[in-house]
Structure formats: structure tokens, C-alpha cells
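Have a look at the structure below, then the notes.
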Amino acid sequence: MTYSTNVQKMRGERKPVTFFNLKSGVIFLVLLFSGFTRLCAEAPGRNANDDGTITVVTSILPLSFFVERIGGERVSVSVMVPPGGNPHTYEPTPAQMVALRKAGLFVKVGSGIEFELDWMKRFISLNPGLKICDASEGVVMRTMSPGEHGHHDHDHHDHGRLDPHYWLSPENGRRIAVNVERALATLDPPHAAVYAANRKRLDAELEALSEEIADKLSAMKQRSFMVFHPAWGYYAADFGLQQISAEEEGKELTPAALRRLVDLAKRTGIRVVFVSPRFNTLQAETIAREIGGVTEPIDPLSDDYIDNLRRATDAFVRSSQ
Ligand SMILES: [Zn+2]
């Protein structure tokens, strides 16, 4: 049995409904009155493409990595926030809204990132048959601690805010993989074994990556690092480092806040200000100049998940030498 016929059978859409067929007629009426007709009418095979593959849309590129690795040839993946896009502010294009209608599965970050807070309800109401995978399920969320900010003159509403950037911890990556595998297997049971095998292979790689990173970082004497956008808190927590972040809520820093960050960096011996590539780095460069240091890019949104964490790790190690 092919995947698409299987899905259609599950959804009960294959049999033509006629009023001469009492049983189908009753099912038809029940569906009609429970308000599911719209869903069924536009749904035939919508979770699978004609060739049986599943179109998966993710919010951010790191999630696409997991879907591609676990789904393999069974999936075609596209991302909402494109390279260079900012998931804290991004708005989908009309073309993306149309393309979403072909998707069988949406994988969301699920940790309160602004893009999803603003748009998920809309995605679901426009595409009632779309299955949603919450990549954060089972992840223990951390709060942004006051100490992570280099300045303390802002209002305190912000403290205790959940940190949405959980995907940058490889241990959480293993959790994401579990969630993605479960979603794909539920949508496409005949290939559950393929997804399980792919997930297992990836899990071993992520476990090895964790060990490799811990090993590399163990030599670091300077245990804190300064990053403009606070995306590396889970990574830091995993490996016993301290993230000092400059930016909050995407706001421009006040001169006083800049001054305090410069003082803090000088006190702690920090010489590198890490920045997200492709984002405005003027204020980060100001800090770097004041401390006689440099800015250096590390990417929180790479689709090259494993090598990217390796590169970031190497950058942290270099910055402490
Ligand atoms: Zn962010």
C-alpha cells in the first residue's frame, strides 16, 4: 500500500459518498454536522504529495536540519524565516502563505519566539488540516537570568522571561530529533522504521558532538563570553560557561548600558564580542573598539547544525586564548 492511499484511507476520503450507500451517507452526515466537511473537502492526500513524500515547513533553519536528517528522501523541507531573516521580527510573505497550503507538517520552535506568537494561530486557522510538531516538547526551558545581561538599568519586567533559544544545546537537539521522529512516524506509519533508524544515527552524532564540545571547552580558562544577542544561554548552561549578553528585546543600547558592558568586558578580560552574522553590528563594534578587541560572527540560525556548533565552539576556545 502506498503512503498516500494509506493516509486517504485513514481519513476516510477514498470511498465515494452516495446517498444510496446508507453507511457512507451516515458518515457523511456526521462529518457534515460536526463541521469537518471543509477539512475533508480540501484534504485529500494533503499530508502527502503525489509521490508520497511529505512537504514539511519549519520556522527556522536549525529545525530544517533535523527534519532533513530524519525524514531523508521522504520529505521536502522549506523554512519560513530565510537565511538572514530574524525570527524575532520576521513576517511571512504572501507566497509563503500560499505554499503553506501544500504542507503536511509544520515544525515550530514552540518556545515563545515572536514569529510564532504572531503567526501560528493564523497558519492553523488558514490550514485546518496541517499537523503541528512542537520541537520543544520535553525540553526544560530556562529563564534569562539578570546576571546574563551586562547592564542593570532596565525595568525588571524582563527578568524571568523564558529563553527561547533552546536549540543551540546539542542535548536539546537530541530532544528535537525525538519530537520530529514522532511527528513523521505519526503522519507516515509505513516508514516509521526509516525515521527511527535515521533518528538513532543522528542521536549518536549529537551525543558524540556533546562530548567533543565539552572536551574542547574544558581547556578554557576564561569561562565567560560576551555575545550581542543572547542566543547561547542553553549552550553555556550545558558546558558550564557564562553568557554575558548585550542586547535585550532588540532595543538599541543606551550610552550608559554600552559603558557598563565595556567596563564589564575590561574587568573580565573579554576581548571578543560575538555577533549574529548578517545582523546590524554597529553597537557590538563600538564595544569591541572600546575594549581593544574584535567582533566575531557565530550563527544561532544555521541549517548546518553540527558543524556550526563545532565552529562556534572553536570560536569560543580561540576567544579565551
Ligand atoms: Zn534570538
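In the C-alpha cells, chains take the letters A, B, ... in the order shown, each chain's residues start at 1, and ligands count up from 1 in the order shown.
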
**Prompt:** Can I get the residues close to ligand 1 as a PyMOL selection string, where close means within 7 Å and we count only C-alpha atoms and all ligand atoms?
**Reply:** chain A and resi 87-88+165+229-231

Cut-off 9 Å: closest stretch 43-93 of chain A/stretch 171-179 of chain A atom pairs per residue, using only C-alpha atoms, as a tab-separated table:
residue	atom	partner	partner_atom	distance
A:Leu63	CA	A:Ile176	CA	8.0
A:Phe66	CA	A:Ala177	CA	6.1
A:Val67	CA	A:Ala177	CA	8.0
A:Arg69	CA	A:Ala177	CA	9.0
A:Ile70	CA	A:Ala177	CA	7.5

**Asked** Could you pull the residues within 10 Å of A:Arg101, counting only C-alpha atoms, minus those fewer than 3 positions along the same chain, as a VMD selection string?
**Response** chain A and resid 42 46 to 47 55 96 to 98 104 123 126 to 130

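Each of A:Glu114, A:Glu73, A:Glu252, A:Glu296 was compared to A:Ala312 using only C-alpha atoms, and A:Glu296 turns out to be the nearest.
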
**Request:** If you run DSSP over the backbone, which residues in stretch 73-286 of chain A end up strand (DSSP E)? Put them as a ChimeraX atom specification.
**Result:** /A:75-79,105-108,131-134,224-227,242-245,272-275

Can you write out the residues you just picked, keeping C-alpha atoms, as a PDB file, in the first residue's frame?
ATOM      1  CA  VAL A  75      10.361  14.787   2.991  1.00  0.00           C
ATOM      2  CA  SER A  76      10.811  18.059   1.186  1.00  0.00           C
ATOM      3  CA  VAL A  77      11.540  20.848   3.618  1.00  0.00           C
ATOM      4  CA  SER A  78      11.181  24.591   3.417  1.00  0.00           C
ATOM      5  CA  VAL A  79      11.702  27.252   6.039  1.00  0.00           C
ATOM      6  CA  LEU A 105       3.532  19.165   8.667  1.00  0.00           C
ATOM      7  CA  PHE A 106       4.706  22.339  10.341  1.00  0.00           C
ATOM      8  CA  VAL A 107       7.566  22.096  12.814  1.00  0.00           C
ATOM      9  CA  LYS A 108       7.526  25.006  15.232  1.00  0.00           C
ATOM     10  CA  LYS A 131      -0.266  18.835  11.549  1.00  0.00           C
ATOM     11  CA  ILE A 132       1.919  20.699  14.022  1.00  0.00           C
ATOM     12  CA  CYS A 133       5.071  19.352  15.629  1.00  0.00           C
ATOM     13  CA  ASP A 134       6.288  21.277  18.667  1.00  0.00           C
ATOM     14  CA  SER A 224      32.539  33.797  30.266  1.00  0.00           C
ATOM     15  CA  PHE A 225      31.941  35.135  26.804  1.00  0.00           C
ATOM     16  CA  MET A 226      30.165  38.215  25.520  1.00  0.00           C
ATOM     17  CA  VAL A 227      27.556  37.905  22.811  1.00  0.00           C
ATOM     18  CA  GLN A 242      28.664  32.090  31.339  1.00  0.00           C
ATOM     19  CA  GLN A 243      26.966  34.109  28.648  1.00  0.00           C
ATOM     20  CA  ILE A 244      27.111  37.874  29.004  1.00  0.00           C
ATOM     21  CA  SER A 245      24.694  39.418  26.532  1.00  0.00           C
ATOM     22  CA  VAL A 272      35.742  39.290  21.634  1.00  0.00           C
ATOM     23  CA  VAL A 273      32.149  40.398  21.147  1.00  0.00           C
ATOM     24  CA  PHE A 274      30.259  37.653  19.342  1.00  0.00           C
ATOM     25  CA  VAL A 275      27.620  38.758  16.876  1.00  0.00           C
TER      26      VAL A 275
END

**Message:** My list of candidates is A:Ile287, A:Arg278, A:Tyr195, A:Asp163. Which is closest to A:Ala183 when distances are computed with only C-alpha atoms?
**Reply:**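 Closest to A:Ala183, using only C-alpha atoms: A:Tyr195.
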
**Request:** Give the helix (DSSP H, G or I) residues of stretch 101-266 of chain A, as DSSP finds them on the backbone, and put them as an NGL selection string.
**Result:** :A and (101-102 or 114-126 or 146-148 or 156-158 or 166-168 or 170-187 or 189-217 or 233-239 or 255-266)

**Request:** Choose the residue, out of A:Lys102, A:Arg182, A:Arg318, A:Lys200, that has the smallest atom-to-atom separation from A:Gln222; count only C-alpha atoms.
**Result:** A:Arg318
